[in-house]
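First comes the structure, then the notes that go with it.
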Amino acid sequence: MKGIFTVLVENKSGVLSQISGLFARRGFNIDSLAVGETERHDISSMTIVSTGDERTIDQIEKHLNKKIDVIKVRRLDEAQTISLEMMLMKVSYNPNNRASLIELCTITGAKIMHVSPKHIIIELHNTPDFIENFIELVRTYGIVEIQRTGTISLEKN
Amino acid sequence: MITGAEAMVKCLEAEGITRIFGYPGVAIAPFYEGLYNSNIEHILVRQEQAAGHAASGVARVSRKPAVCVTTSGPGATNLITALATAYADSIPVVAITGQVSSDLLGKDVFQEADMTGATESFTKYRYLVKDVNDIPRIFKEAFYIANTGRKGPVLIDVPIDIQQAKLKKEFKYPDKVEIRGYRPSTKGNKQQLSKVIQAIRRARKPIICTGGGVILGNGEDHIRRFCEKFNIPCVSTMMGIGVLPKAHPLYFGMLGNNGKPYANRAIALSDLMIIVGARIADRTVPTPDKLESQVKIIHIDIDTAEIGKNLGPTIPLVGDVKNIFDELIKADIQPKADSWIEELNEIKHSTIDSRVFSDKLVNPNTLVQLLSEKMDDDAIYVADVGQNQLWSADNYVMKKGRFLTTGGMGTMGYSIPCGMGVKMYAPDKQVVCVIGDGAFQMSMNELATIKDHDVPLKILIIKNRYLGLVREYQDKTYDGHYSGVELFDYPHCDKIAEAYDMPYFHASHTDELNETLDQFLACKEACLMVCDVDWTDNSK
């Protein structure tokens with residue numbers, strides 16, 4: 001199963017490595033990790049997506065809570081959550097497939113950020129599943145490089 | 001205004017610290033200058049690891065945080081094993097390490113080691129002090145974190161320039177701490193508590209399993225009263241030895257693969273297992289999944305993360321052992337029938353110990369039994385690691401004293417520095433360290449510290465010229481291919497004793513034990529005793 005956590009932490013050096021170290025040491029997976037400051041400078045928010053069985057996800061929550069620099073841990077219900085991720089993608093193209101690539105971007109809402117003679121850079125923000133699907137669609141064109149931000153999530157209510 | 005170093009000393013004084021264990025170096029020199037003008041006694045150990053173990057011993061017996069201090073770099077890294085040991089056993093040790101000057105951090109200068117990074121997985125929390133004015137707050141927090149919730153070691157790394165800098169304001173030690181990410185829960189959840197009471201009420205064959213957490217939470221008396229009131233039998237892990245005396249009619253020994261077969265049998269026959277302050281590690285329950293499916297399990301622990309880590313409990317309950325058992329003792333539960341206790345007694349008395357020991361030298365089981373029977377009722381027995389530890393745990397006759405050992409990390413050479421700290425804290429109590437000839441050679445440098453400070457510690461070496469537990473493992477697993485485990489003849493312990501002006505006792509046969517142990521225990525000063533044990537004797 002998937003576990004989505006938003007974790008409020010002290011915004012100070014070493015905290016990110018504590019959290020990633022915890023996952024490494026205890027053998028928990030990190031599928032995605034996004035970190036940023038909150039509305040308060042002294043608090044950062046992390047969104048961590050992990051997979052594992054119920055006991056593992058439960059243990060992750062407990063071990064996160066145990067960290068003294070962790071202020072609050074919330075485990076989000078996927079159905080009750082807005083999750084978003086941003087991706088930048090460099091794709092190679094040729095005169096024959098350029099039009100279809102642009103069309104694909106239009107249909108999916110992806111933005112073309114830069115065009116050079118051989119490549120275009122596409123930006124897409126959407127749900128992680130949507131982005132995965134888009135990557136598969138573009139794969140045949142020739143993906144040169146991808147950068148993804150990791151998932152950020154907010155509960156609807 | 002005072003310096004950071006002086007503030008550090010004042011913080012320790014404010015915490016009631018009167019003795020610390022350490023090893024100085026340049027990076028911690030300002031702090032030692034501060035100590036020079038203080039009443040805090042400094043014990044110079046002979047290697048930094050011993051400072052950590054000695055503090056651990058004091059913390060365990062005083063039930064309060066104890067302090068060790070080292071310099072930066074190698075001094076600090078030498079301490080890591082002791083911190084890891086304290087962490088595994090949840091012992092509240094506060095470690096102070098010197099660090100290179102703030103402006104040189106990260107430049108790999110002489111004796112720089114990233115201690116907060118290196119101890120991330122071996123401490124409960126760590127501080128790198130960046131502002132001298134933070135010292136009072138950080139020390140207050142460190143002591144609080146070390147000694148609350150699930151206890152554990154905390155490291156404070158202080159760069160030399162911070163120790164030298166002056167505080168901006170008058171020194172004031174904070175009255176309280178406010179850490180927004182740290183609020184250990186100590187009161188048991190009411191709903192869970194009533195589920196626990198229900199389960200105990202319904203159980204016909206309940207059993208309680210005590211871990212080191214019961215002792216750390218000062219809950220021995222509560223558990224005893226609970227067992228007696230409701231006629232519930234008790235087994236323990238190695239760290240939980242001492243919650244009930246050995247002769248208690250409700251105590252059925254240590255469980256685990258090094259424990260009593262009848263203790264393990266008792267668990268298997270029970271219909272409800274109440275685990276208190278134990279992590280149920282692999283040595284205690286090798287197949288937790290199997291146990292889960294057989295027995296209803298209540299798991300009580302101060303640490304939420306401990307619950308469900310190794311064993312999925314039917315009813316988890318987070319809280320402080322004393323608070324929870326205060327409630328449980330008050331609960332309306334009918335005492336359990338005597339038939340359950342009788343059943344366990346039958347099993348206990350029909351268990352046959354099929355181990356064979358050499359009759360040429362000292363029988364290690366007889367040794368531990370006789371020694372602990374002869375020891376004072378409130379004596380403190382410190383077992384090292386290896387076969388000596390298993391023989392000790394198996395045969396120790398617990399009365400009203402303490403049984404100290406490192407069950408989590410299993411650090412060889414723990415007992416002598418730990419015992420030294422214990423004896424300094426409790427000079428009126430008899431303190432005996434039991435150690436193998438391997439671990440003795442890892443820690444015998446502390447004999448000098450013991451003599452320097454006139455600490456009448458008793459050290460008993462079980463000598464079999466082997467790293468016995470590994471040899472035993474090789475015997476059973478690798479067909480007797482003994483690889484790298486022989487210690488041969490050295491050192492001559494009588495000469496070691498002579499070198500340190502220590503009385504020396506020696507027993508080479510079980511028949512000699514009675515008299516020699518009497519002399520050893522009657523000796524008023526630090527003394528050494530060697531018992532020759534056959535190298536083929538196994539712990540199980």
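Ligands are numbered from 1 in the order shown, residues from 1 within each chain, and chains are lettered A, B, ... in the order they appear in the structure tokens.
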Can you check which residues of chain A have any atom within 8 Å of chain B? Use only C-alpha atoms and format it as a list of chain:residue names.
A:Gln18, A:Arg55, A:Gln59, A:Lys62, A:His63, A:Lys66, A:Lys67, A:Ile68, A:Asp69, A:Val70, A:Ile71, A:Lys72
Go ahead and save the residues from that selection, with C-alpha atoms, as a CSV table (one decimal), in the first residue's frame.
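Below is the file out_30.csv, written as the result:
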chain,number,residue,atom,x,y,z
A,18,GLN,CA,17.9,12.6,9.9
A,55,ARG,CA,2.7,-2.6,9.6
A,59,GLN,CA,6.1,1.9,11.8
A,62,LYS,CA,5.7,6.1,14.6
A,63,HIS,CA,9.4,6.5,13.9
A,66,LYS,CA,9.7,9.8,17.6
A,67,LYS,CA,12.1,12.2,16.0
A,68,ILE,CA,12.6,15.2,18.3
A,69,ASP,CA,12.9,17.6,15.4
A,70,VAL,CA,9.7,16.4,13.9
A,71,ILE,CA,6.8,18.7,15.1
A,72,LYS,CA,3.9,17.0,13.5
Would you give me, as a ChimeraX atom specification, the residues in region 133-314 of chain B that DSSP reads as strand (DSSP E or B)?
/B:154-159,166,206-210,234-236,251-254,272-276,296-301
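Remark: for Ser17 (chain A), the closest of the candidate residues B:Pro261, B:Ala118, B:Val368, B:Gln441 is B:Ala118 (distances computed over only C-alpha atoms).
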Helix (DSSP H, G or I) call set, DSSP backbone run, region 65-132 of chain B, as a ChimeraX atom specification:
/B:74-88,102-104,115-118,132
Residues as selected, N, CA, C and O atoms, written as a JSON list (two decimals), in the first residue's frame, can you do that?
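Saved to result.json:
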[["chain", "number", "residue", "atom", "x", "y", "z"],
["B", 74, "PRO", "N", 39.35, 11.81, 17.53],
["B", 74, "PRO", "CA", 39.47, 10.42, 17.99],
["B", 74, "PRO", "C", 38.93, 10.22, 19.40],
["B", 74, "PRO", "O", 38.41, 9.15, 19.72],
["B", 75, "GLY", "N", 39.03, 11.25, 20.24],
["B", 75, "GLY", "CA", 38.48, 11.15, 21.59],
["B", 75, "GLY", "C", 36.99, 10.93, 21.51],
["B", 75, "GLY", "O", 36.42, 10.09, 22.20],
["B", 76, "ALA", "N", 36.36, 11.68, 20.64],
["B", 76, "ALA", "CA", 34.91, 11.59, 20.49],
["B", 76, "ALA", "C", 34.50, 10.30, 19.79],
["B", 76, "ALA", "O", 33.55, 9.64, 20.19],
["B", 77, "THR", "N", 35.25, 9.91, 18.75],
["B", 77, "THR", "CA", 34.85, 8.68, 18.04],
["B", 77, "THR", "C", 35.05, 7.45, 18.94],
["B", 77, "THR", "O", 34.30, 6.49, 18.84],
["B", 78, "ASN", "N", 36.04, 7.50, 19.81],
["B", 78, "ASN", "CA", 36.22, 6.39, 20.77],
["B", 78, "ASN", "C", 35.00, 6.22, 21.67],
["B", 78, "ASN", "O", 34.77, 5.14, 22.21],
["B", 79, "LEU", "N", 34.26, 7.27, 21.84],
["B", 79, "LEU", "CA", 33.09, 7.24, 22.72],
["B", 79, "LEU", "C", 31.88, 6.60, 22.05],
["B", 79, "LEU", "O", 30.93, 6.18, 22.72],
["B", 80, "ILE", "N", 31.92, 6.51, 20.73],
["B", 80, "ILE", "CA", 30.70, 6.12, 19.99],
["B", 80, "ILE", "C", 30.18, 4.74, 20.42],
["B", 80, "ILE", "O", 28.98, 4.56, 20.60],
["B", 81, "THR", "N", 31.08, 3.79, 20.62],
["B", 81, "THR", "CA", 30.62, 2.45, 21.01],
["B", 81, "THR", "C", 29.87, 2.50, 22.34],
["B", 81, "THR", "O", 28.86, 1.81, 22.52],
["B", 82, "ALA", "N", 30.36, 3.34, 23.24],
["B", 82, "ALA", "CA", 29.67, 3.46, 24.54],
["B", 82, "ALA", "C", 28.30, 4.10, 24.35],
["B", 82, "ALA", "O", 27.33, 3.72, 25.01],
["B", 83, "LEU", "N", 28.21, 5.08, 23.45],
["B", 83, "LEU", "CA", 26.91, 5.72, 23.20],
["B", 83, "LEU", "C", 25.95, 4.73, 22.56],
["B", 83, "LEU", "O", 24.78, 4.65, 22.92],
["B", 84, "ALA", "N", 26.47, 3.95, 21.61],
["B", 84, "ALA", "CA", 25.62, 2.95, 20.94],
["B", 84, "ALA", "C", 25.12, 1.93, 21.97],
["B", 84, "ALA", "O", 23.97, 1.48, 21.91],
["B", 85, "THR", "N", 25.98, 1.58, 22.93],
["B", 85, "THR", "CA", 25.61, 0.64, 23.98],
["B", 85, "THR", "C", 24.51, 1.23, 24.86],
["B", 85, "THR", "O", 23.51, 0.56, 25.15],
["B", 86, "ALA", "N", 24.70, 2.47, 25.24],
["B", 86, "ALA", "CA", 23.69, 3.14, 26.08],
["B", 86, "ALA", "C", 22.37, 3.29, 25.32],
["B", 86, "ALA", "O", 21.29, 3.14, 25.88],
["B", 87, "TYR", "N", 22.48, 3.55, 24.03],
["B", 87, "TYR", "CA", 21.27, 3.75, 23.21],
["B", 87, "TYR", "C", 20.48, 2.44, 23.12],
["B", 87, "TYR", "O", 19.26, 2.43, 23.27],
["B", 88, "ALA", "N", 21.20, 1.35, 22.88],
["B", 88, "ALA", "CA", 20.52, 0.06, 22.73],
["B", 88, "ALA", "C", 19.82, -0.35, 24.03],
["B", 88, "ALA", "O", 18.81, -1.04, 24.00],
["B", 102, "SER", "N", 34.45, 26.79, 15.38],
["B", 102, "SER", "CA", 33.30, 26.89, 14.45],
["B", 102, "SER", "C", 33.71, 27.24, 13.03],
["B", 102, "SER", "O", 33.18, 26.69, 12.07],
["B", 103, "ASP", "N", 34.65, 28.19, 12.90],
["B", 103, "ASP", "CA", 35.02, 28.65, 11.56],
["B", 103, "ASP", "C", 35.81, 27.58, 10.79],
["B", 103, "ASP", "O", 35.99, 27.69, 9.58],
["B", 104, "LEU", "N", 36.27, 26.54, 11.48],
["B", 104, "LEU", "CA", 37.04, 25.48, 10.80],
["B", 104, "LEU", "C", 36.19, 24.25, 10.52],
["B", 104, "LEU", "O", 36.65, 23.29, 9.91],
["B", 115, "MET", "N", 30.70, 14.74, 14.67],
["B", 115, "MET", "CA", 30.11, 13.91, 15.71],
["B", 115, "MET", "C", 28.59, 13.87, 15.69],
["B", 115, "MET", "O", 27.99, 12.85, 15.98],
["B", 116, "THR", "N", 27.97, 14.99, 15.35],
["B", 116, "THR", "CA", 26.50, 14.95, 15.31],
["B", 116, "THR", "C", 26.05, 14.04, 14.17],
["B", 116, "THR", "O", 25.07, 13.31, 14.29],
["B", 117, "GLY", "N", 26.82, 14.06, 13.08],
["B", 117, "GLY", "CA", 26.50, 13.16, 11.97],
["B", 117, "GLY", "C", 26.80, 11.71, 12.32],
["B", 117, "GLY", "O", 25.99, 10.82, 12.09],
["B", 118, "ALA", "N", 27.96, 11.50, 12.96],
["B", 118, "ALA", "CA", 28.40, 10.13, 13.25],
["B", 118, "ALA", "C", 27.51, 9.44, 14.28],
["B", 118, "ALA", "O", 27.39, 8.22, 14.29],
["B", 132, "VAL", "N", 27.07, 30.62, 21.87],
["B", 132, "VAL", "CA", 27.37, 30.42, 23.29],
["B", 132, "VAL", "C", 26.15, 30.67, 24.18],
["B", 132, "VAL", "O", 25.96, 30.03, 25.21]]
For Asn37 (chain B): contacts at 10 Å, only C-alpha atoms, fewer than 5 positions along chain excluded, given as number ranges by chain:
B: 6, 9, 32
Polymer residues at most 12 Å from region 115-127 of chain A, only C-alpha atoms, same-chain spacing of 4 or more positions, as a PyMOL selection string
chain A and resi 78+81-95+97-98+101-102+104-111+131-135+138+141-153
Residues within 12 Å of Arg40 (chain A), please, as a list of chain:residue names. Count only C-alpha atoms; anything in the same chain fewer than 2 positions from it doesn't count.
A:Leu8, A:Val9, A:Glu10, A:Asn11, A:Gly36, A:Glu37, A:Thr38, A:Asp42, A:Ile43, A:Ser44, A:Ser45
